Amino acid sequence: MHDLSLERNPIEILETGRSISDIIDGKIRQLYSGSEEPFYVVNLDNILERHLQWISLLPRVKPFYAVKCNNTTAVLKMLSALDTGFDCASKAEIELALSLGVKPDDIIYAHTTKPLSHIRYACAHRVNLMTFDNEEELLKISLVHPQAKLVIRIAVDDSKSMVRLSPKFGARLPTVRQLLGRARELNLEVVGVSFHVGSGCTRSSAFRQAIEDARRVFDVASVLGFQMRLLDIGGGFSKIGDFQEKFEEFSEVINGSLDEFFPPVSGLEVIAEPGRYYVESAFTLAVNVIAKRVVVEDRANKCAGVRVMMYYINDGVYGSMSCITFDPAHSKLEPYPHRAVKKSEPRYCSVIWGPTCDSIDKITESYWIPELYVGDWLLVDNMGAYTVSVTTDFNSFEKAHIYTVVTAETWHTTITAGDCGCTEI
Ligand code: PLP
């Protein structure tokens, strides 16, 4: 029995025959009377779909959702109801997961450079599984959490990923023997290997190579006397844009490599830390045009010499769209008008700015769209990954409100709840 009820943001049940677009239309109509604040509509059915696809294509791999990617309570509760584990990167993320009823054994503290006090917190709350990639970390862990079950994170080839992580994290293979030896001297228990091929991985071969590398580390660890039983294949999965077909391909390669290097008889537990994959397409952002200026562009660019529409919207780079600056998957956001647009409507060269007083707060430029007016709404799809969890308070603009929606069928079949706190809409 899982209770998804949320005190402040009740989950709304979607009546049969109504779509997410109907919900967005309804919210916008409601807001017309009073507020124009930005908002998200979250489709929990989308998360269920992703999960069903995961378990069907990667049956040997239990997902531990990466909380950092999107820490919205409804998302975490939904995933917990679906029996995923959780990858937490800090004391606060562990605290959040535990507060939602996640069991300590369903958490991996997947950060290799942790503050001492956070390791102490993990110990006090029986979160034992954690990663490391350096000797100093081993010393800290031996001091405050000597019973921890350790997972050595290795650096792997992530050169074909949109966001590389191995320059910052992961023990290089030639250093692994010495590091494991140090863990042995400190009487620490190493139980597995983890890696991350980088976020937005484009090549399935990266997984194959990383799994082969992990096999080598298992062999070294076994010689040193460790009982190795866990492989963590990290994150890096996506299913939007150019990645649409990649998940199937990656799954095939991962399954084949696991069978080759860690045959099922080995009894190995395999987990992963997907973030983006689970939430990217479940969130649609609605933003409002709060101001407009029309200028003649004199700079030499695609709009030089023409009238340019400058629109100012109420969410931006310091809010839900900080991903523009660090996440290549989001470097080109394409907001589109909520209102119906006729094919024959003229398009104007436009720049869309965020609301703050900083000029890097720009969403898109040389963007040809129909004319918009103050009060119009724009929608942005696929806004679930590295958005709500990476906002700032700059200029104190209100953060986008989150409305969560689920179909009755998903609600009743997946999450059997008593008093759900949900509302029919
Ligand atoms: N695990 C770790 C340690 C990470 O650093 C990240 C992302 O930075 C993830 C998992 C999630 O990665 P992704 O969103 O690509 O699945």
# chains A, B, ... in the order shown; residues from 1 in each chain; ligands from 1
>>> residues_around(residues="Arg172 in chain A", least_positions_apart="4", cutoff="12 Å", atoms="only C-alpha atoms", output="list of chain:residue names")
A:Asp133, A:Asn134, A:Ile152, A:Arg153, A:Ile154, A:Ala155, A:Val156, A:Asp157, A:Ser166, A:Pro167, A:Lys168, A:Val176, A:Arg177, A:Gln178, A:Leu179, A:Phe195, A:Ala210, A:Asp213, A:Ala214, A:Val217
>>> write_last_selection(atoms="N, CA and C atoms", output="PDB file, in the first residue's frame")
ATOM      1  N   ASP A 133      36.469   6.727  -4.490  1.00  0.00           N
ATOM      2  CA  ASP A 133      37.439   6.583  -5.585  1.00  0.00           C
ATOM      3  C   ASP A 133      38.819   7.095  -5.167  1.00  0.00           C
ATOM      4  N   ASN A 134      39.012   7.306  -3.845  1.00  0.00           N
ATOM      5  CA  ASN A 134      40.305   7.852  -3.409  1.00  0.00           C
ATOM      6  C   ASN A 134      40.591   7.454  -1.966  1.00  0.00           C
ATOM      7  N   ILE A 152      33.658   0.690  -5.333  1.00  0.00           N
ATOM      8  CA  ILE A 152      34.734   1.493  -5.921  1.00  0.00           C
ATOM      9  C   ILE A 152      34.272   2.028  -7.274  1.00  0.00           C
ATOM     10  N   ARG A 153      34.301   3.360  -7.427  1.00  0.00           N
ATOM     11  CA  ARG A 153      33.905   3.949  -8.711  1.00  0.00           C
ATOM     12  C   ARG A 153      35.144   4.086  -9.577  1.00  0.00           C
ATOM     13  N   ILE A 154      35.042   3.579 -10.796  1.00  0.00           N
ATOM     14  CA  ILE A 154      36.187   3.663 -11.703  1.00  0.00           C
ATOM     15  C   ILE A 154      35.907   4.709 -12.787  1.00  0.00           C
ATOM     16  N   ALA A 155      36.973   5.320 -13.263  1.00  0.00           N
ATOM     17  CA  ALA A 155      36.850   6.259 -14.378  1.00  0.00           C
ATOM     18  C   ALA A 155      36.754   5.436 -15.654  1.00  0.00           C
ATOM     19  N   VAL A 156      35.819   5.798 -16.522  1.00  0.00           N
ATOM     20  CA  VAL A 156      35.664   5.054 -17.775  1.00  0.00           C
ATOM     21  C   VAL A 156      35.697   6.032 -18.944  1.00  0.00           C
ATOM     22  N   ASP A 157      35.740   5.479 -20.139  1.00  0.00           N
ATOM     23  CA  ASP A 157      35.784   6.350 -21.319  1.00  0.00           C
ATOM     24  C   ASP A 157      34.417   7.012 -21.499  1.00  0.00           C
ATOM     25  N   SER A 166      34.070  11.623 -15.836  1.00  0.00           N
ATOM     26  CA  SER A 166      35.315  10.973 -15.417  1.00  0.00           C
ATOM     27  C   SER A 166      36.488  11.933 -15.178  1.00  0.00           C
ATOM     28  N   PRO A 167      36.505  13.164 -15.770  1.00  0.00           N
ATOM     29  CA  PRO A 167      37.584  14.071 -15.373  1.00  0.00           C
ATOM     30  C   PRO A 167      37.529  14.400 -13.875  1.00  0.00           C
ATOM     31  N   LYS A 168      36.364  14.295 -13.285  1.00  0.00           N
ATOM     32  CA  LYS A 168      36.217  14.685 -11.872  1.00  0.00           C
ATOM     33  C   LYS A 168      36.166  13.489 -10.929  1.00  0.00           C
ATOM     34  N   VAL A 176      43.762   1.100  -9.120  1.00  0.00           N
ATOM     35  CA  VAL A 176      42.728   0.362  -8.404  1.00  0.00           C
ATOM     36  C   VAL A 176      43.306  -0.638  -7.395  1.00  0.00           C
ATOM     37  N   ARG A 177      44.364  -1.355  -7.801  1.00  0.00           N
ATOM     38  CA  ARG A 177      44.925  -2.394  -6.914  1.00  0.00           C
ATOM     39  C   ARG A 177      45.403  -1.757  -5.592  1.00  0.00           C
ATOM     40  N   GLN A 178      46.094  -0.640  -5.736  1.00  0.00           N
ATOM     41  CA  GLN A 178      46.641   0.024  -4.546  1.00  0.00           C
ATOM     42  C   GLN A 178      45.516   0.544  -3.634  1.00  0.00           C
ATOM     43  N   LEU A 179      44.481   1.079  -4.273  1.00  0.00           N
ATOM     44  CA  LEU A 179      43.351   1.633  -3.512  1.00  0.00           C
ATOM     45  C   LEU A 179      42.598   0.529  -2.765  1.00  0.00           C
ATOM     46  N   PHE A 195      30.438   2.744 -12.161  1.00  0.00           N
ATOM     47  CA  PHE A 195      30.976   3.688 -13.142  1.00  0.00           C
ATOM     48  C   PHE A 195      29.837   4.531 -13.669  1.00  0.00           C
ATOM     49  N   ALA A 210      33.107  -0.293 -20.342  1.00  0.00           N
ATOM     50  CA  ALA A 210      33.076  -0.048 -18.892  1.00  0.00           C
ATOM     51  C   ALA A 210      32.763  -1.343 -18.130  1.00  0.00           C
ATOM     52  N   ASP A 213      35.883  -3.320 -18.089  1.00  0.00           N
ATOM     53  CA  ASP A 213      36.806  -2.738 -17.103  1.00  0.00           C
ATOM     54  C   ASP A 213      36.400  -3.168 -15.689  1.00  0.00           C
ATOM     55  N   ALA A 214      35.097  -3.130 -15.444  1.00  0.00           N
ATOM     56  CA  ALA A 214      34.606  -3.504 -14.105  1.00  0.00           C
ATOM     57  C   ALA A 214      34.966  -4.965 -13.802  1.00  0.00           C
ATOM     58  N   VAL A 217      38.353  -5.186 -12.472  1.00  0.00           N
ATOM     59  CA  VAL A 217      38.446  -4.724 -11.079  1.00  0.00           C
ATOM     60  C   VAL A 217      37.894  -5.804 -10.126  1.00  0.00           C
TER      61      VAL A 217
END
>>> select_by_dssp(residues="range 64-259 of chain A", states="helix (DSSP H, G or I)", output="PyMOL selection string")
chain A and resi 67-69+73-81+91-99+104-106+116-124+135-144+173-185+204-223+241-243+246-259
>>> residues_near_ligand(ligand="ligand 1", cutoff="7 Å", atoms="only C-alpha atoms and all ligand atoms", output="PyMOL selection string")
chain A and resi 66+69+87+110-111+165+196+198-200+234-237+273-277
>>> atom_distance(atom1="CA of Lys140 in chain A", atom2="CA of Leu116 in chain A")
6.4 Å
>>> residues_around(residues="Asp106 in chain A", least_positions_apart="6", cutoff="8 Å", atoms="only C-alpha atoms", output="ChimeraX atom specification")
/A:64,84-86
>>> write_last_selection(atoms="N, CA and C atoms", output="PDB file, in the first residue's frame")
ATOM      1  N   PHE A  64      18.285   2.575  -9.506  1.00  0.00           N
ATOM      2  CA  PHE A  64      18.337   3.411  -8.308  1.00  0.00           C
ATOM      3  C   PHE A  64      18.275   4.838  -8.845  1.00  0.00           C
ATOM      4  N   THR A  84      11.706   1.197  -7.084  1.00  0.00           N
ATOM      5  CA  THR A  84      13.083   1.480  -7.487  1.00  0.00           C
ATOM      6  C   THR A  84      13.880   1.803  -6.225  1.00  0.00           C
ATOM      7  N   GLY A  85      15.207   1.749  -6.342  1.00  0.00           N
ATOM      8  CA  GLY A  85      16.058   2.276  -5.282  1.00  0.00           C
ATOM      9  C   GLY A  85      16.357   3.735  -5.587  1.00  0.00           C
ATOM     10  N   PHE A  86      17.215   4.351  -4.772  1.00  0.00           N
ATOM     11  CA  PHE A  86      17.535   5.760  -4.958  1.00  0.00           C
ATOM     12  C   PHE A  86      19.031   6.004  -4.829  1.00  0.00           C
TER      13      PHE A  86
END
